[in-house]
Amino acid sequence: MDIYDSFKKTYIETNTFTESFCLELFKKDKLENRPYNNLQSKILNKLNAEIENYEIILKKKYPQQLELFKNRGHLYEFPDDLERVKSVLEDEIVNYSKLDEIIIIELVTNLAKYYAIDEILNIFRNQSSYFKLVYELKEYQYIQFHKLKKIRGEDTREYKLMMNKKHPERKTKTSVKNKNIRIEHFFDFEDNEKYLIINYLFSLTNKNTKIPLTEFMKLVRIGGTFSDLSIFDNYIKTNNDTTYSITNKGINYYSGKSQVEILDSIISKLEKLNLKHALDHFSRLKGKI
């Protein structure tokens, strides 16, 4: 029996099944006009429950083998994680586990399902802006988790095609200071990033800091395109989830890893637009974390 071939077969089957499961939920929730956040929570909860289920089984029946599997990054230095999986299965688990073939097949099957679902969970959680676009535009053919293993969703051809569909004006080109900057970059910002930009601009009213009018107007243009129109509702509730509250708290609305992720994203986008003063501000913020 080739243990890695057995692992990979189950891994691919689990990927295919989970991808199909997510696809059906995307279609169902869209048909029912559910918000994306509702779909996202539903998928994350389901995947987390599946992972916990397999971890319970593995911890109960194969605790030593599970520990070896989890520690593969400390045991091998291959850049591709599947290479580390292959080595830990063949060199550590099979060679040093006195298990018969039937039990090894059961172990490998559970490890493969655990690994595949955990991988999809991380991709879906970390590539939210990509999957939100897929949902909004009903571009379900782009639900391909394997393509997002080693690349940010925003850097894919599929994301650019979706953004062009959502914002046809992105294709227009302009020239600033003899440097070609595509107008499409102005549409790359997520709403939460726009709230941080508004928070930054508002903070300038209490400081002596001045920025060039050209940069100020560009930032106003970016920040002012957020999608929440409830700000015009006189009866809006003042809770922690309103646009007002999120904008007022700024980076403090987030915590831990989320702070770094959103700052990294906004910094990379500001760099493309050469917005120096805002870039300096968010870089300093990141340095304080």
# chains A, B, ... in the order shown; residues from 1 in each chain; ligands from 1
>>> closest_atom_pairs(of="region 58-85 of chain A", to="region 114-138 of chain A", cutoff="10 Å", atoms="only C-alpha atoms", output="Markdown table")
| residue | atom | partner | partner_atom | distance |
| --- | --- | --- | --- | --- |
| A:Leu58 | CA | A:Tyr114 | CA | 9.2 |
| A:Phe69 | CA | A:Tyr115 | CA | 9.6 |
| A:Lys70 | CA | A:Tyr115 | CA | 9.7 |
| A:Val85 | CA | A:Tyr115 | CA | 9.6 |
>>> residues_around(residues="Thr109 (chain A)", least_positions_apart="6", cutoff="8 Å", atoms="only C-alpha atoms", output="NGL selection string")
:A and (6-7 or 10)
>>> write_last_selection(atoms="N, CA, C and O atoms", output="mmCIF file, in the first residue's frame")
data_model
loop_
_atom_site.group_PDB
_atom_site.id
_atom_site.type_symbol
_atom_site.label_atom_id
_atom_site.label_comp_id
_atom_site.auth_asym_id
_atom_site.auth_seq_id
_atom_site.Cartn_x
_atom_site.Cartn_y
_atom_site.Cartn_z
ATOM 1 N N SER A 6 -2.793 7.000 -1.003
ATOM 2 C CA SER A 6 -4.068 6.830 -0.314
ATOM 3 C C SER A 6 -4.517 8.150 0.313
ATOM 4 O O SER A 6 -5.690 8.530 0.237
ATOM 5 N N PHE A 7 -3.551 8.836 0.930
ATOM 6 C CA PHE A 7 -3.837 10.149 1.539
ATOM 7 C C PHE A 7 -4.314 11.137 0.469
ATOM 8 O O PHE A 7 -5.327 11.817 0.639
ATOM 9 N N THR A 10 -7.910 10.607 -0.932
ATOM 10 C CA THR A 10 -8.957 11.091 -0.022
ATOM 11 C C THR A 10 -8.936 12.609 0.075
ATOM 12 O O THR A 10 -9.992 13.252 0.147
#
>>> atom_distance(atom1="CA of Phe26 (chain A)", atom2="CA of Ser255 (chain A)")
28.5 Å
>>> residues_around(residues="Ala278 (chain A)", least_positions_apart="6", cutoff="10 Å", atoms="only C-alpha atoms", output="PDB file with N, CA, C and O atoms, in the first residue's frame")
ATOM      1  N   ILE A 197      -9.645  54.922   6.396  1.00  0.00           N
ATOM      2  CA  ILE A 197      -9.206  56.135   5.696  1.00  0.00           C
ATOM      3  C   ILE A 197     -10.008  57.341   6.176  1.00  0.00           C
ATOM      4  O   ILE A 197      -9.454  58.424   6.413  1.00  0.00           O
ATOM      5  N   TYR A 200      -8.750  58.350   9.498  1.00  0.00           N
ATOM      6  CA  TYR A 200      -7.487  59.090   9.355  1.00  0.00           C
ATOM      7  C   TYR A 200      -7.764  60.539   8.953  1.00  0.00           C
ATOM      8  O   TYR A 200      -7.216  61.486   9.558  1.00  0.00           O
ATOM      9  N   LEU A 201      -8.627  60.742   7.965  1.00  0.00           N
ATOM     10  CA  LEU A 201      -8.938  62.105   7.510  1.00  0.00           C
ATOM     11  C   LEU A 201      -9.593  62.920   8.619  1.00  0.00           C
ATOM     12  O   LEU A 201      -9.287  64.104   8.808  1.00  0.00           O
ATOM     13  N   ILE A 211      -1.782  67.774   4.555  1.00  0.00           N
ATOM     14  CA  ILE A 211      -1.394  66.968   3.403  1.00  0.00           C
ATOM     15  C   ILE A 211      -1.794  67.725   2.144  1.00  0.00           C
ATOM     16  O   ILE A 211      -2.702  68.565   2.180  1.00  0.00           O
ATOM     17  N   GLU A 215      -3.731  64.841  -2.660  1.00  0.00           N
ATOM     18  CA  GLU A 215      -3.823  63.568  -1.934  1.00  0.00           C
ATOM     19  C   GLU A 215      -5.088  63.522  -1.091  1.00  0.00           C
ATOM     20  O   GLU A 215      -5.758  62.490  -1.009  1.00  0.00           O
ATOM     21  N   PHE A 216      -5.440  64.642  -0.470  1.00  0.00           N
ATOM     22  CA  PHE A 216      -6.642  64.707   0.354  1.00  0.00           C
ATOM     23  C   PHE A 216      -7.879  64.355  -0.477  1.00  0.00           C
ATOM     24  O   PHE A 216      -8.737  63.571  -0.045  1.00  0.00           O
ATOM     25  N   LEU A 219      -8.077  60.649  -1.267  1.00  0.00           N
ATOM     26  CA  LEU A 219      -8.489  59.872  -0.100  1.00  0.00           C
ATOM     27  C   LEU A 219      -9.982  60.053   0.178  1.00  0.00           C
ATOM     28  O   LEU A 219     -10.671  59.100   0.572  1.00  0.00           O
ATOM     29  N   ILE A 266      -4.252  47.568   3.379  1.00  0.00           N
ATOM     30  CA  ILE A 266      -4.432  48.975   3.028  1.00  0.00           C
ATOM     31  C   ILE A 266      -3.108  49.620   2.625  1.00  0.00           C
ATOM     32  O   ILE A 266      -3.050  50.451   1.717  1.00  0.00           O
ATOM     33  N   ILE A 267      -2.012  49.212   3.274  1.00  0.00           N
ATOM     34  CA  ILE A 267      -0.684  49.755   2.935  1.00  0.00           C
ATOM     35  C   ILE A 267      -0.296  49.369   1.513  1.00  0.00           C
ATOM     36  O   ILE A 267       0.197  50.201   0.738  1.00  0.00           O
ATOM     37  N   LEU A 270      -2.305  51.541  -0.897  1.00  0.00           N
ATOM     38  CA  LEU A 270      -1.867  52.937  -0.913  1.00  0.00           C
ATOM     39  C   LEU A 270      -0.541  53.101  -1.646  1.00  0.00           C
ATOM     40  O   LEU A 270      -0.303  54.122  -2.307  1.00  0.00           O
ATOM     41  N   GLU A 271       0.317  52.080  -1.538  1.00  0.00           N
ATOM     42  CA  GLU A 271       1.608  52.119  -2.253  1.00  0.00           C
ATOM     43  C   GLU A 271       1.392  52.199  -3.758  1.00  0.00           C
ATOM     44  O   GLU A 271       2.094  52.935  -4.463  1.00  0.00           O
ATOM     45  N   ARG A 284       3.038  53.733  10.352  1.00  0.00           N
ATOM     46  CA  ARG A 284       3.335  54.014  11.770  1.00  0.00           C
ATOM     47  C   ARG A 284       2.376  53.240  12.673  1.00  0.00           C
ATOM     48  O   ARG A 284       2.780  52.709  13.720  1.00  0.00           O
TER      49      ARG A 284
END
>>> closest_residue(among="A:Glu106, A:Asn192, A:Phe187, A:Glu158", to="Arg221 (chain A)", atoms="only C-alpha atoms")
A:Phe187
>>> residues_around(residues="Asp2 (chain A)", least_positions_apart="3", cutoff="12 Å", atoms="only C-alpha atoms", output="list of chain:residue names")
A:Asp5, A:Ser6, A:Phe7, A:Lys8, A:Lys9, A:Lys86, A:Leu89, A:Glu90, A:Val94, A:Glu101, A:Ile104, A:Ile105, A:Val108
>>> write_last_selection(atoms="C-alpha atoms", output="PDB file, in the first residue's frame")
ATOM      1  CA  ASP A   5      -1.293   7.908  -2.673  1.00  0.00           C
ATOM      2  CA  SER A   6      -4.068   6.830  -0.314  1.00  0.00           C
ATOM      3  CA  PHE A   7      -3.837  10.149   1.539  1.00  0.00           C
ATOM      4  CA  LYS A   8      -3.860  12.206  -1.657  1.00  0.00           C
ATOM      5  CA  LYS A   9      -6.839  10.332  -3.106  1.00  0.00           C
ATOM      6  CA  LYS A  86       4.336  12.900   2.399  1.00  0.00           C
ATOM      7  CA  LEU A  89       3.417   9.882   6.668  1.00  0.00           C
ATOM      8  CA  GLU A  90       6.074   7.670   5.106  1.00  0.00           C
ATOM      9  CA  VAL A  94       4.177   4.220   8.949  1.00  0.00           C
ATOM     10  CA  GLU A 101      -2.923  -2.107   7.177  1.00  0.00           C
ATOM     11  CA  ILE A 104      -3.387   2.608   8.783  1.00  0.00           C
ATOM     12  CA  ILE A 105      -5.945   3.160   6.009  1.00  0.00           C
ATOM     13  CA  VAL A 108      -4.697   8.131   6.746  1.00  0.00           C
TER      14      VAL A 108
END
>>> select_by_dssp(residues="region 88-216 of chain A", states="helix (DSSP H, G or I)", output="PyMOL selection string")
chain A and resi 88-96+101-126+128-137+140-142+145-148+153-155+157-166+168-171+183-187+191-206+213-216
>>> atom_distance(atom1="CA of Glu193 (chain A)", atom2="CA of Phe226 (chain A)")
9.2 Å
>>> closest_residue(among="A:Asn45, A:Asn15, A:Ser87, A:Pro63", to="Lys147 (chain A)", atoms="only C-alpha atoms")
A:Asn15
>>> atom_distance(atom1="CA of Asp228 (chain A)", atom2="CA of Arg34 (chain A)")
16.2 Å
